[in-house]
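Some notes on the structure that comes next.
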Amino acid sequence: MEKKTILVVDNGEIMRETLLKILEREGYSVLTAKDGQAALGVLQENKVNLIISDICMPRMDGNKLLKQAKAILPDVEIILMTGHGKMEMGLEALKEGAFDFIQKPFTKWALNKTVKQALEKQDMAAEIRFLKERMRELIAEITDLVGDPAVHRLEYSRSLGTHSAH
C-alpha cells in the first residue's frame, strides 16, 4: 500500500513541527508550508492526499486555500483547524468541501482519528470511481457480445407486428 502524503499548513512553526512529528510517527509522508500561498506551490509539485491547514494565516487563509486546493486536486481531503474558536468559519469550510474542522488545542488521538477517517473516505471514493468505470467497461463488453438489448426488443416487437399482420 502506498504511503499517504499529508501537507501541514500553519504559520506557526511550533505547530507545523508538532504535527510533522505526530504524523510521521503514524507512518505518513509529511510536507509543510507556512501559509496558503506556499501550500499551493507544494501542491503543484507533489501528490498530496490530505491537507491539514490553519484557517487564520497571513497572505492566504485556510478557506481560500481550501477552494484553490480543490481546484488543483479535486480528490484531496482537507481538515481545517483554528485556535480562535470561530465556529462560523468552520461551518463555512464544511460547506466549501472541507472534510472536517477541528479546534486547537486538540489531542493527538483526535487528530489521528480525523486523519484516518478523511483518508478512508478518500479511499472509498476512489474505489467507487474504479467500480463505476469497471461496470461501464463490462456493460460495453456485454453490449458488444450480445448487441444492444433495446435493439433486440425493437426487432422482436417488429417481428411480432409482421407475423400478426399475416
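Labels used: A, B, ... for chains in the order of the C-alpha cells, numbers from 1 for residues in each chain, and numbers from 1 for ligands as shown.
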
What residues in range 12-154 of chain A get the DSSP label strand (DSSP E or B)? Please answer as a ChimeraX atom specification.
/A:29-33,50-54,77-82,100-103

File of the preceding selection, N, CA, C and O atoms, as a CSV table (one decimal), in the first residue's frame:
chain,number,residue,atom,x,y,z
A,29,SER,N,3.9,10.3,5.0
A,29,SER,CA,4.9,11.2,4.5
A,29,SER,C,4.3,12.6,4.7
A,29,SER,O,3.2,12.8,4.4
A,30,VAL,N,5.1,13.5,5.3
A,30,VAL,CA,4.6,14.8,5.6
A,30,VAL,C,5.4,15.9,5.0
A,30,VAL,O,6.6,16.0,5.0
A,31,LEU,N,4.6,16.9,4.4
A,31,LEU,CA,5.2,18.1,3.8
A,31,LEU,C,4.6,19.2,4.6
A,31,LEU,O,3.6,19.1,5.2
A,32,THR,N,5.4,20.4,4.6
A,32,THR,CA,4.9,21.5,5.4
A,32,THR,C,4.9,22.8,4.6
A,32,THR,O,5.7,22.9,3.6
A,33,ALA,N,4.1,23.7,4.9
A,33,ALA,CA,4.1,25.1,4.3
A,33,ALA,C,3.7,26.1,5.4
A,33,ALA,O,2.9,25.8,6.2
A,50,LEU,N,-3.9,14.6,1.7
A,50,LEU,CA,-4.7,15.3,2.7
A,50,LEU,C,-3.9,16.6,3.1
A,50,LEU,O,-2.7,16.6,3.1
A,51,ILE,N,-4.7,17.6,3.3
A,51,ILE,CA,-4.1,18.9,3.8
A,51,ILE,C,-4.7,19.1,5.2
A,51,ILE,O,-5.9,19.0,5.3
A,52,ILE,N,-3.9,19.5,6.1
A,52,ILE,CA,-4.3,19.9,7.4
A,52,ILE,C,-3.8,21.4,7.5
A,52,ILE,O,-2.6,21.6,7.4
A,53,SER,N,-4.8,22.3,7.5
A,53,SER,CA,-4.4,23.7,7.5
A,53,SER,C,-5.1,24.6,8.5
A,53,SER,O,-6.2,24.4,8.9
A,54,ASP,N,-4.3,25.5,9.1
A,54,ASP,CA,-4.8,26.5,9.9
A,54,ASP,C,-5.8,27.4,9.1
A,54,ASP,O,-5.6,27.5,7.9
A,77,GLU,N,-8.5,15.6,0.4
A,77,GLU,CA,-9.3,15.9,1.6
A,77,GLU,C,-8.6,17.0,2.4
A,77,GLU,O,-7.4,17.1,2.4
A,78,ILE,N,-9.4,17.8,3.1
A,78,ILE,CA,-8.9,19.0,3.8
A,78,ILE,C,-9.5,19.1,5.2
A,78,ILE,O,-10.7,19.0,5.3
A,79,ILE,N,-8.6,19.1,6.2
A,79,ILE,CA,-9.0,19.4,7.5
A,79,ILE,C,-8.5,20.7,7.9
A,79,ILE,O,-7.3,21.0,7.8
A,80,LEU,N,-9.4,21.6,8.3
A,80,LEU,CA,-9.1,22.9,8.8
A,80,LEU,C,-9.1,23.0,10.3
A,80,LEU,O,-9.8,22.3,11.0
A,81,MET,N,-8.2,23.8,10.8
A,81,MET,CA,-8.1,24.0,12.3
A,81,MET,C,-7.9,25.4,12.6
A,81,MET,O,-7.4,26.2,11.8
A,82,THR,N,-8.4,25.8,13.8
A,82,THR,CA,-8.3,27.1,14.3
A,82,THR,C,-8.1,27.1,15.8
A,82,THR,O,-8.7,26.3,16.5
A,100,ASP,N,-13.3,18.2,7.6
A,100,ASP,CA,-13.7,18.4,9.0
A,100,ASP,C,-13.0,19.7,9.4
A,100,ASP,O,-12.1,20.3,8.7
A,101,PHE,N,-13.4,20.2,10.6
A,101,PHE,CA,-12.9,21.4,11.2
A,101,PHE,C,-12.6,21.1,12.6
A,101,PHE,O,-13.5,20.6,13.3
A,102,ILE,N,-11.4,21.3,13.0
A,102,ILE,CA,-11.0,21.0,14.4
A,102,ILE,C,-10.5,22.2,15.1
A,102,ILE,O,-9.9,23.1,14.5
A,103,GLN,N,-10.8,22.3,16.4
A,103,GLN,CA,-10.3,23.4,17.2
A,103,GLN,C,-9.0,23.1,18.0
A,103,GLN,O,-8.9,22.0,18.5

Find the residues near Lys108 in chain A: any atom within 8 Å, counting only C-alpha atoms, skip ones fewer than 3 places away on the same chain, and give them as an NGL selection string.
:A and (22 or 111-112)

Dump as an mmCIF file, in the first residue's frame, selection limited to N, CA, C and O atoms:
data_model
loop_
_atom_site.group_PDB
_atom_site.id
_atom_site.type_symbol
_atom_site.label_atom_id
_atom_site.label_comp_id
_atom_site.auth_asym_id
_atom_site.auth_seq_id
_atom_site.Cartn_x
_atom_site.Cartn_y
_atom_site.Cartn_z
ATOM 1 N N ILE A 22 4.081 14.057 14.882
ATOM 2 C CA ILE A 22 2.953 13.155 15.186
ATOM 3 C C ILE A 22 2.604 12.310 13.960
ATOM 4 O O ILE A 22 2.457 11.090 14.044
ATOM 5 N N LEU A 111 -6.697 14.072 16.492
ATOM 6 C CA LEU A 111 -6.068 14.356 15.204
ATOM 7 C C LEU A 111 -5.936 13.077 14.376
ATOM 8 O O LEU A 111 -6.354 13.030 13.220
ATOM 9 N N ASN A 112 -5.371 12.037 14.984
ATOM 10 C CA ASN A 112 -5.166 10.777 14.259
ATOM 11 C C ASN A 112 -6.485 10.169 13.784
ATOM 12 O O ASN A 112 -6.565 9.634 12.681
#

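The coordinates place CA of Ala93 in chain A at 17.5 Å from CA of Pro58 in chain A.
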
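Taking only C-alpha atoms into account, Lys3 in chain A lies nearest to A:Val48 out of the set A:Leu19, A:Leu138, A:Ile72, A:Val48.
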
DSSP on the backbone, then: every residue of chain A marked helix (DSSP H, G or I), written as JSON, numbers by chain.
{"A": [13, 14, 15, 16, 17, 18, 19, 20, 21, 22, 23, 24, 25, 36, 37, 38, 39, 40, 41, 42, 43, 44, 45, 62, 63, 64, 65, 66, 67, 68, 69, 70, 71, 72, 87, 88, 89, 90, 91, 92, 93, 94, 95, 108, 109, 110, 111, 112, 113, 114, 115, 116, 117, 118, 119, 120, 121, 122, 123, 124, 125, 126, 127, 128, 129, 130, 131, 132, 133, 134, 135, 136, 137, 138, 139, 140, 141, 142, 143, 144, 145, 146, 149, 150, 151, 152, 153, 154, 155, 156, 157, 158, 159, 160, 161, 162, 163, 164]}

Rounded to one decimal, what separation in Å do you get between CA of Ala140 in chain A and CA of Met124 in chain A?
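Atom-to-atom, CA of Ala140 in chain A to CA of Met124 in chain A, that is 24.3 Å.
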
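A straight line drawn from CA of Tyr28 in chain A to CA of Glu133 in chain A is 28.9 Å long.
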
Let me make sure I understand: among A:Met60, A:Ala125, A:Ile14, A:Ile55, which one has the smallest atom-to-atom distance to Ala98 in chain A if we use only C-alpha atoms?
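Using only C-alpha atoms, the shortest distance to Ala98 in chain A belongs to A:Ile55.
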
Between A:Arg134, A:Lys4, A:Arg59, A:Lys67, which has the minimum distance to Ala118 in chain A (counting only C-alpha atoms)?
A:Lys4

Best match for closeness to Thr114 in chain A among A:Glu24, A:Asn49, A:Phe99, A:Glu88, counting only C-alpha atoms:
A:Phe99
